[in-house]
file target-v2.cif (mmCIF, C-alpha atoms)
data_my_file
loop_
_atom_site.group_PDB
_atom_site.id
_atom_site.type_symbol
_atom_site.label_atom_id
_atom_site.label_comp_id
_atom_site.auth_asym_id
_atom_site.auth_seq_id
_atom_site.Cartn_x
_atom_site.Cartn_y
_atom_site.Cartn_z
ATOM 1 C CA MET A 10 0.000 0.000 0.000
ATOM 2 C CA ALA A 11 2.910 2.352 0.673
ATOM 3 C CA LYS A 12 3.999 2.239 -2.983
ATOM 4 C CA LEU A 13 0.447 2.883 -4.143
ATOM 5 C CA THR A 14 0.292 5.948 -1.928
ATOM 6 C CA THR A 15 3.599 7.197 -3.289
ATOM 7 C CA TYR A 16 2.266 7.057 -6.845
ATOM 8 C CA VAL A 17 -0.967 8.825 -5.871
ATOM 9 C CA GLU A 18 1.201 11.569 -4.363
ATOM 10 C CA LYS A 19 3.189 11.705 -7.584
ATOM 11 C CA TYR A 20 0.346 11.581 -10.106
ATOM 12 C CA GLY A 21 -2.878 12.425 -8.243
ATOM 13 C CA LEU A 22 -3.101 16.148 -8.945
ATOM 14 C CA ILE A 23 -1.931 15.965 -12.548
ATOM 15 C CA SER A 24 -4.581 13.303 -13.185
ATOM 16 C CA LEU A 25 -7.286 15.385 -11.508
ATOM 17 C CA GLU A 26 -6.288 18.251 -13.789
ATOM 18 C CA LYS A 27 -6.985 15.938 -16.733
ATOM 19 C CA GLN A 28 -10.471 15.309 -15.299
ATOM 20 C CA ASP A 29 -10.943 19.045 -15.023
ATOM 21 C CA LYS A 30 -10.033 19.437 -18.699
ATOM 22 C CA LEU A 31 -12.628 16.848 -19.707
ATOM 23 C CA SER A 32 -15.306 18.584 -17.634
ATOM 24 C CA TYR A 33 -14.327 21.952 -19.101
ATOM 25 C CA LEU A 34 -14.725 20.557 -22.622
ATOM 26 C CA ILE A 35 -17.956 18.568 -22.371
ATOM 27 C CA GLY A 36 -19.842 20.289 -19.509
ATOM 28 C CA GLU A 37 -23.224 18.730 -18.852
ATOM 29 C CA HIS A 38 -23.388 15.716 -21.068
ATOM 30 C CA THR A 39 -24.862 12.441 -22.115
ATOM 31 C CA TYR A 40 -22.487 9.574 -22.819
ATOM 32 C CA GLU A 41 -22.197 6.133 -24.325
ATOM 33 C CA LEU A 42 -19.280 3.716 -24.207
ATOM 34 C CA ASP A 43 -19.341 1.678 -27.414
ATOM 35 C CA LEU A 44 -17.363 -1.521 -26.871
ATOM 36 C CA ASP A 45 -17.723 -2.501 -30.534
ATOM 37 C CA THR A 46 -15.987 0.613 -31.880
ATOM 38 C CA GLY A 47 -13.894 1.442 -28.806
ATOM 39 C CA LYS A 48 -15.281 4.997 -28.833
ATOM 40 C CA ALA A 49 -16.719 7.001 -25.956
ATOM 41 C CA HIS A 50 -19.446 9.391 -27.073
ATOM 42 C CA PHE A 51 -20.023 12.623 -25.120
ATOM 43 C CA ASN A 52 -22.563 14.976 -26.694
ATOM 44 C CA ASN A 53 -20.984 15.743 -30.104
ATOM 45 C CA PHE A 54 -17.535 14.400 -29.172
ATOM 46 C CA GLN A 55 -16.191 10.887 -29.547
ATOM 47 C CA PHE A 56 -12.920 9.649 -28.097
ATOM 48 C CA PRO A 57 -11.062 6.321 -28.164
ATOM 49 C CA PHE A 58 -10.926 4.558 -24.818
ATOM 50 C CA GLN A 59 -9.348 1.618 -23.017
ATOM 51 C CA VAL A 60 -11.050 -0.410 -20.292
ATOM 52 C CA LEU A 61 -9.207 -0.401 -16.958
ATOM 53 C CA GLY A 62 -11.465 -2.529 -14.790
ATOM 54 C CA THR A 63 -14.592 -2.691 -12.676
ATOM 55 C CA GLU A 64 -15.722 -2.171 -9.101
ATOM 56 C CA SER A 65 -18.322 -4.525 -7.666
ATOM 57 C CA ASP A 66 -20.722 -3.348 -4.965
ATOM 58 C CA ASN A 67 -21.544 -6.987 -4.227
ATOM 59 C CA THR A 68 -18.065 -8.430 -3.687
ATOM 60 C CA LEU A 69 -16.476 -5.067 -2.748
ATOM 61 C CA THR A 70 -13.567 -5.777 -5.061
ATOM 62 C CA TRP A 71 -11.772 -4.217 -8.006
ATOM 63 C CA LEU A 72 -11.267 -6.499 -11.025
ATOM 64 C CA TRP A 73 -8.750 -5.615 -13.744
ATOM 65 C CA ALA A 74 -10.019 -5.699 -17.333
ATOM 66 C CA TRP A 75 -7.359 -8.249 -18.296
ATOM 67 C CA ALA A 76 -8.794 -10.608 -15.663
ATOM 68 C CA GLU A 77 -12.404 -10.265 -16.850
ATOM 69 C CA GLU A 78 -13.899 -13.470 -18.207
ATOM 70 C CA GLN A 79 -16.503 -11.606 -20.237
ATOM 71 C CA PRO A 80 -16.144 -11.903 -24.011
ATOM 72 C CA GLU A 81 -17.942 -8.581 -24.654
ATOM 73 C CA ILE A 82 -14.740 -6.646 -23.910
ATOM 74 C CA PRO A 83 -12.621 -6.877 -27.086
ATOM 75 C CA ALA A 84 -8.942 -7.713 -26.679
ATOM 76 C CA ASP A 85 -7.821 -4.411 -28.207
ATOM 77 C CA LEU A 86 -9.628 -2.503 -25.434
ATOM 78 C CA ILE A 87 -7.568 -4.066 -22.633
ATOM 79 C CA ARG A 88 -4.120 -3.137 -23.941
ATOM 80 C CA SER A 89 -3.690 -0.423 -21.307
ATOM 81 C CA SER A 90 -4.719 -2.708 -18.444
ATOM 82 C CA LEU A 91 -2.221 -5.316 -19.676
ATOM 83 C CA ALA A 92 0.493 -2.663 -19.887
ATOM 84 C CA LEU A 93 -0.332 -1.638 -16.316
ATOM 85 C CA ARG A 94 -0.016 -5.254 -15.171
ATOM 86 C CA THR A 95 3.505 -5.350 -16.632
ATOM 87 C CA TRP A 96 4.329 -1.940 -15.160
ATOM 88 C CA GLY A 97 3.047 -2.957 -11.725
ATOM 89 C CA ALA A 98 5.091 -6.151 -11.744
ATOM 90 C CA SER A 99 8.271 -4.285 -12.659
ATOM 91 C CA ALA A 100 7.575 -1.535 -10.106
ATOM 92 C CA GLY A 101 6.869 -4.054 -7.351
ATOM 93 C CA ILE A 102 3.221 -3.053 -6.886
ATOM 94 C CA PRO A 103 1.232 -6.293 -6.513
ATOM 95 C CA GLU A 104 -2.146 -4.526 -6.680
ATOM 96 C CA PHE A 105 -1.497 -3.897 -10.391
ATOM 97 C CA SER A 106 -0.570 -7.478 -11.198
ATOM 98 C CA ALA A 107 -3.164 -9.296 -9.043
ATOM 99 C CA PRO A 108 -6.431 -10.038 -10.885
ATOM 100 C CA SER A 109 -8.563 -8.456 -8.159
ATOM 101 C CA VAL A 110 -8.112 -6.229 -5.099
ATOM 102 C CA VAL A 111 -10.447 -5.541 -2.180
ATOM 103 C CA LEU A 112 -11.796 -2.002 -2.314
ATOM 104 C CA ASN A 113 -10.766 -1.105 1.228
ATOM 105 C CA ARG A 114 -7.187 -1.532 0.035
ATOM 106 C CA ALA A 115 -7.433 0.243 -3.327
ATOM 107 C CA ASP A 116 -10.433 1.445 -5.322
ATOM 108 C CA GLY A 117 -11.103 2.359 -8.930
ATOM 109 C CA LEU A 118 -10.396 6.033 -8.352
ATOM 110 C CA LEU A 119 -6.957 5.325 -6.898
ATOM 111 C CA PHE A 120 -6.061 3.001 -9.772
ATOM 112 C CA SER A 121 -7.373 5.520 -12.314
ATOM 113 C CA LEU A 122 -5.373 8.405 -10.849
ATOM 114 C CA ILE A 123 -2.175 6.402 -11.266
ATOM 115 C CA ALA A 124 -3.081 4.778 -14.589
ATOM 116 C CA SER A 125 -4.056 8.059 -16.233
ATOM 117 C CA GLU A 126 -0.494 9.354 -15.985
ATOM 118 C CA VAL A 127 1.387 6.055 -16.366
ATOM 119 C CA CYS A 128 -0.474 5.392 -19.637
ATOM 120 C CA LYS A 129 -0.326 9.053 -20.703
ATOM 121 C CA ALA A 130 -4.094 9.096 -21.124
ATOM 122 C CA SER A 131 -6.040 12.324 -21.548
ATOM 123 C CA CYS A 132 -8.257 11.420 -18.587
ATOM 124 C CA TYR A 133 -10.301 8.595 -17.115
ATOM 125 C CA TYR A 134 -14.063 8.187 -16.928
ATOM 126 C CA THR A 135 -16.353 6.279 -14.576
ATOM 127 C CA ASP A 136 -19.468 4.560 -15.906
ATOM 128 C CA VAL A 137 -21.602 3.885 -12.827
ATOM 129 C CA TYR A 138 -24.250 1.191 -13.160
ATOM 130 C CA GLU A 139 -26.423 -0.825 -10.796
ATOM 131 C CA GLY A 140 -24.104 -3.037 -8.790
ATOM 132 C CA GLY A 141 -20.826 -1.357 -9.612
ATOM 133 C CA ALA A 142 -18.827 0.849 -11.950
ATOM 134 C CA LEU A 143 -16.654 0.547 -15.043
ATOM 135 C CA TYR A 144 -13.468 2.644 -15.308
ATOM 136 C CA VAL A 145 -11.930 3.572 -18.645
ATOM 137 C CA LEU A 146 -9.023 5.657 -19.903
ATOM 138 C CA ILE A 147 -9.748 8.176 -22.661
ATOM 139 C CA PHE A 148 -7.247 9.491 -25.216
ATOM 140 C CA ASP A 149 -7.644 12.604 -27.367
ATOM 141 C CA LYS A 150 -5.561 15.715 -28.062
ATOM 142 C CA ILE A 151 -8.565 18.025 -27.882
ATOM 143 C CA ILE A 152 -8.905 17.133 -24.185
ATOM 144 C CA ASP A 153 -5.169 17.662 -23.658
ATOM 145 C CA SER A 154 -5.437 21.158 -25.159
ATOM 146 C CA GLN A 155 -7.975 22.433 -22.611
ATOM 147 C CA PRO A 156 -6.863 24.981 -19.962
ATOM 148 C CA SER A 157 -4.755 23.876 -17.003
ATOM 149 C CA PHE A 158 -5.814 24.449 -13.399
ATOM 150 C CA ASP A 159 -6.242 28.014 -12.297
ATOM 151 C CA LEU A 160 -5.519 28.802 -8.645
ATOM 152 C CA ASP A 161 -9.078 28.194 -7.461
ATOM 153 C CA ARG A 162 -9.466 24.819 -9.170
ATOM 154 C CA LEU A 163 -6.017 23.652 -8.082
ATOM 155 C CA THR A 164 -6.850 24.589 -4.496
ATOM 156 C CA LYS A 165 -10.142 22.679 -4.541
ATOM 157 C CA GLN A 166 -8.640 19.541 -6.063
ATOM 158 C CA LEU A 167 -5.628 19.529 -3.736
ATOM 159 C CA LEU A 168 -7.931 19.743 -0.715
ATOM 160 C CA TYR A 169 -10.156 17.008 -2.154
ATOM 161 C CA LEU A 170 -7.233 14.673 -2.806
ATOM 162 C CA ILE A 171 -5.631 15.009 0.624
ATOM 163 C CA SER A 172 -9.023 14.592 2.309
ATOM 164 C CA ARG A 173 -9.709 11.324 0.464
ATOM 165 C CA TYR A 174 -6.310 9.663 0.861
ATOM 166 C CA ASP A 175 -3.658 9.743 3.572
ATOM 167 C CA LEU A 176 -0.918 11.479 1.580
ATOM 168 C CA ARG A 177 2.149 13.591 2.221
ATOM 169 C CA HIS A 178 0.679 16.958 1.374
ATOM 170 C CA ARG A 179 3.897 18.781 0.537
ATOM 171 C CA ASP A 180 5.126 16.020 -1.777
ATOM 172 C CA THR A 181 1.734 15.854 -3.494
ATOM 173 C CA LEU A 182 1.764 19.547 -4.358
ATOM 174 C CA LEU A 183 5.433 19.630 -5.360
ATOM 175 C CA SER A 184 4.970 16.627 -7.651
ATOM 176 C CA TYR A 185 2.206 18.392 -9.566
ATOM 177 C CA LEU A 186 4.133 21.649 -9.901
ATOM 178 C CA THR A 187 7.243 19.801 -11.078
ATOM 179 C CA LEU A 188 5.380 17.643 -13.609
ATOM 180 C CA LYS A 189 3.805 20.814 -15.021
ATOM 181 C CA GLY A 190 7.274 22.247 -15.609
ATOM 182 C CA LEU A 191 6.611 25.167 -13.290
ATOM 183 C CA ASP A 192 9.167 26.642 -10.897
ATOM 184 C CA PRO A 193 8.153 25.828 -7.305
ATOM 185 C CA ARG A 194 10.150 27.614 -4.617
ATOM 186 C CA PRO A 195 10.304 25.451 -1.469
ATOM 187 C CA ILE A 196 11.813 27.547 1.305
ATOM 188 C CA ALA A 197 11.704 26.197 4.856
ATOM 189 C CA SER A 198 8.038 25.412 5.600
ATOM 190 C CA GLN A 199 6.654 27.287 2.593
ATOM 191 C CA VAL A 200 6.170 26.548 -1.100
ATOM 192 C CA THR A 201 5.410 29.325 -3.555
ATOM 193 C CA CYS A 202 4.941 29.052 -7.299
ATOM 194 C CA ARG A 203 3.671 31.139 -10.193
ATOM 195 C CA LEU A 204 1.051 29.105 -12.081
ATOM 196 C CA SER A 205 0.757 28.996 -15.855
ATOM 197 C CA ARG A 206 -1.916 31.709 -15.758
ATOM 198 C CA GLY A 207 0.303 33.987 -13.703
ATOM 199 C CA GLU A 208 -1.462 33.453 -10.377
ATOM 200 C CA LEU A 209 0.732 33.053 -7.287
ATOM 201 C CA LEU A 210 0.263 29.899 -5.228
ATOM 202 C CA SER A 211 1.413 30.031 -1.602
ATOM 203 C CA ALA A 212 1.323 27.031 0.735
ATOM 204 C CA GLU A 213 2.678 26.469 4.238
ATOM 205 C CA PHE A 214 3.281 23.091 5.873
ATOM 206 C CA ASP A 215 3.973 21.828 9.370
ATOM 207 C CA SER A 216 7.062 19.824 10.332
ATOM 208 C CA ALA A 217 5.400 16.619 9.076
ATOM 209 C CA GLY A 218 4.726 18.145 5.671
ATOM 210 C CA ARG A 219 0.988 18.513 6.231
ATOM 211 C CA LEU A 220 -0.784 21.529 4.806
ATOM 212 C CA ILE A 221 -1.662 24.206 7.356
ATOM 213 C CA MET A 222 -2.063 27.337 5.223
ATOM 214 C CA LEU A 223 -3.056 27.741 1.570
ATOM 215 C CA ASN A 224 -3.238 31.092 -0.207
ATOM 216 C CA GLY A 225 -3.463 32.882 3.143
ATOM 217 C CA GLU A 226 -6.256 30.723 4.550
ATOM 218 C CA ALA A 227 -5.773 28.313 7.453
ATOM 219 C CA ILE A 228 -6.443 24.642 6.666
ATOM 220 C CA THR A 229 -8.145 22.655 9.389
ATOM 221 C CA PRO A 230 -7.522 18.894 9.628
#

call {"tool": "encode", "arguments": {"input": "target-v2.cif", "output": "structure tokens"}}
result
Amino acid sequence: MAKLTTYVEKYGLISLEKQDKLSYLIGEHTYELDLDTGKAHFNNFQFPFQVLGTESDNTLTWLWAWAEEQPEIPADLIRSSLALRTWGASAGIPEFSAPSVVLNRADGLLFSLIASEVCKASCYYTDVYEGGALYVLIFDKIIDSQPSFDLDRLTKQLLYLISRYDLRHRDTLLSYLTLKGLDPRPIASQVTCRLSRGELLSAEFDSAGRLIMLNGEAITP
């Protein structure tokens, strides 16, 4: 679990930014995942996708797409999940190479946050249905070209991420800023950085690296 957490710290915010780009592009939407064509349809857009896996509300487990015994998922739609199995084995992360994982250890969101960046996807998407949910990765340059986080959206998603998972807050923020090619300035307990839109981010952390002040506002545990 420690390695999983490390990769969520590394990739969590950059992957949530990808989700933000998808939302910015499609807004309120209808959708359809066409397993025959491998295309996800959102309003007037269609994007190629790969199936990651499923969550079951009945067994409370995650099942990787490569371990599914359902013939309706074509082999060419599980290439990413197979690549993640290989990556997980080489990285020493058994949750990526085991066919299934109990949800109280790792859920579809956690796997998607890591997979979205490892596979260089544009984003992930969750298709919720009665009894569970299907997670897919989506790939398209038009999603990639949407605006990056502004200060407000970065703040909201950072607070969401660290409230959902037990992460090292300072490392989580620095990983995002570094992956974006920005110029974070970590000095003592503070991190400041000018975002791509010119806004100044300012964060302060305690001795354990937990966030205590963000953009001048105190953060309560």

call {"tool": "atom_distance", "arguments": {"input": "target-v2.cif", "atom1": "CA of Gly62 (chain A)", "atom2": "CA of Glu78 (chain A)"}}
result
11.7 Å

call {"tool": "atom_distance", "arguments": {"input": "target-v2.cif", "atom1": "CA of Ser125 (chain A)", "atom2": "CA of Ser32 (chain A)"}}
result
15.5 Å

call {"tool": "resolve_selection", "arguments": {"input": "target-v2.cif", "expression": "the PyMOL selection byres ((chain A and resi 27) around 10)", "output": "short mmCIF file (atom, residue, chain, number, x, y, z; two decimals) with C-alpha atoms, in the coordinates of the input"}}
result
data_model
loop_
_atom_site.label_atom_id
_atom_site.label_comp_id
_atom_site.auth_asym_id
_atom_site.auth_seq_id
_atom_site.Cartn_x
_atom_site.Cartn_y
_atom_site.Cartn_z
CA LEU A 22 -3.10 16.15 -8.94
CA ILE A 23 -1.93 15.96 -12.55
CA SER A 24 -4.58 13.30 -13.18
CA LEU A 25 -7.29 15.38 -11.51
CA GLU A 26 -6.29 18.25 -13.79
CA GLN A 28 -10.47 15.31 -15.30
CA ASP A 29 -10.94 19.05 -15.02
CA LYS A 30 -10.03 19.44 -18.70
CA LEU A 31 -12.63 16.85 -19.71
CA SER A 32 -15.31 18.58 -17.63
CA TYR A 33 -14.33 21.95 -19.10
CA LEU A 122 -5.37 8.40 -10.85
CA SER A 125 -4.06 8.06 -16.23
CA GLU A 126 -0.49 9.35 -15.98
CA ALA A 130 -4.09 9.10 -21.12
CA SER A 131 -6.04 12.32 -21.55
CA CYS A 132 -8.26 11.42 -18.59
CA TYR A 133 -10.30 8.60 -17.11
CA ILE A 152 -8.90 17.13 -24.18
CA ASP A 153 -5.17 17.66 -23.66
CA GLN A 155 -7.98 22.43 -22.61
CA PRO A 156 -6.86 24.98 -19.96
CA SER A 157 -4.76 23.88 -17.00
CA PHE A 158 -5.81 24.45 -13.40
#

call {"tool": "atom_distance", "arguments": {"input": "target-v2.cif", "atom1": "CA of Leu61 (chain A)", "atom2": "CA of Asn113 (chain A)"}}
result
18.3 Å

call {"tool": "closest_residue", "arguments": {"input": "target-v2.cif", "among": "A:Asp161, A:Gln199, A:Tyr134, A:Phe120", "to": "Ile147 (chain A)", "atoms": "only C-alpha atoms"}}
result
A:Tyr134

call {"tool": "residues_around", "arguments": {"input": "target-v2.cif", "residues": "region 49-54 of chain A", "least_positions_apart": "2", "cutoff": "8 Å", "atoms": "all atoms listed in the file", "output": "list in words"}}
result
Ile35, His38, Thr39, Tyr40, Glu41, Leu42, Asp43, Gly47, Phe56, Pro57, Phe58 and Ile147 of chain A

call {"tool": "resolve_selection", "arguments": {"input": "target-v2.cif", "expression": "the PyMOL selection byres ((chain A and resi 74) around 12)", "output": "ChimeraX atom specification"}}
result
/A:59-64,71-73,75-94,105-109,117,143-146
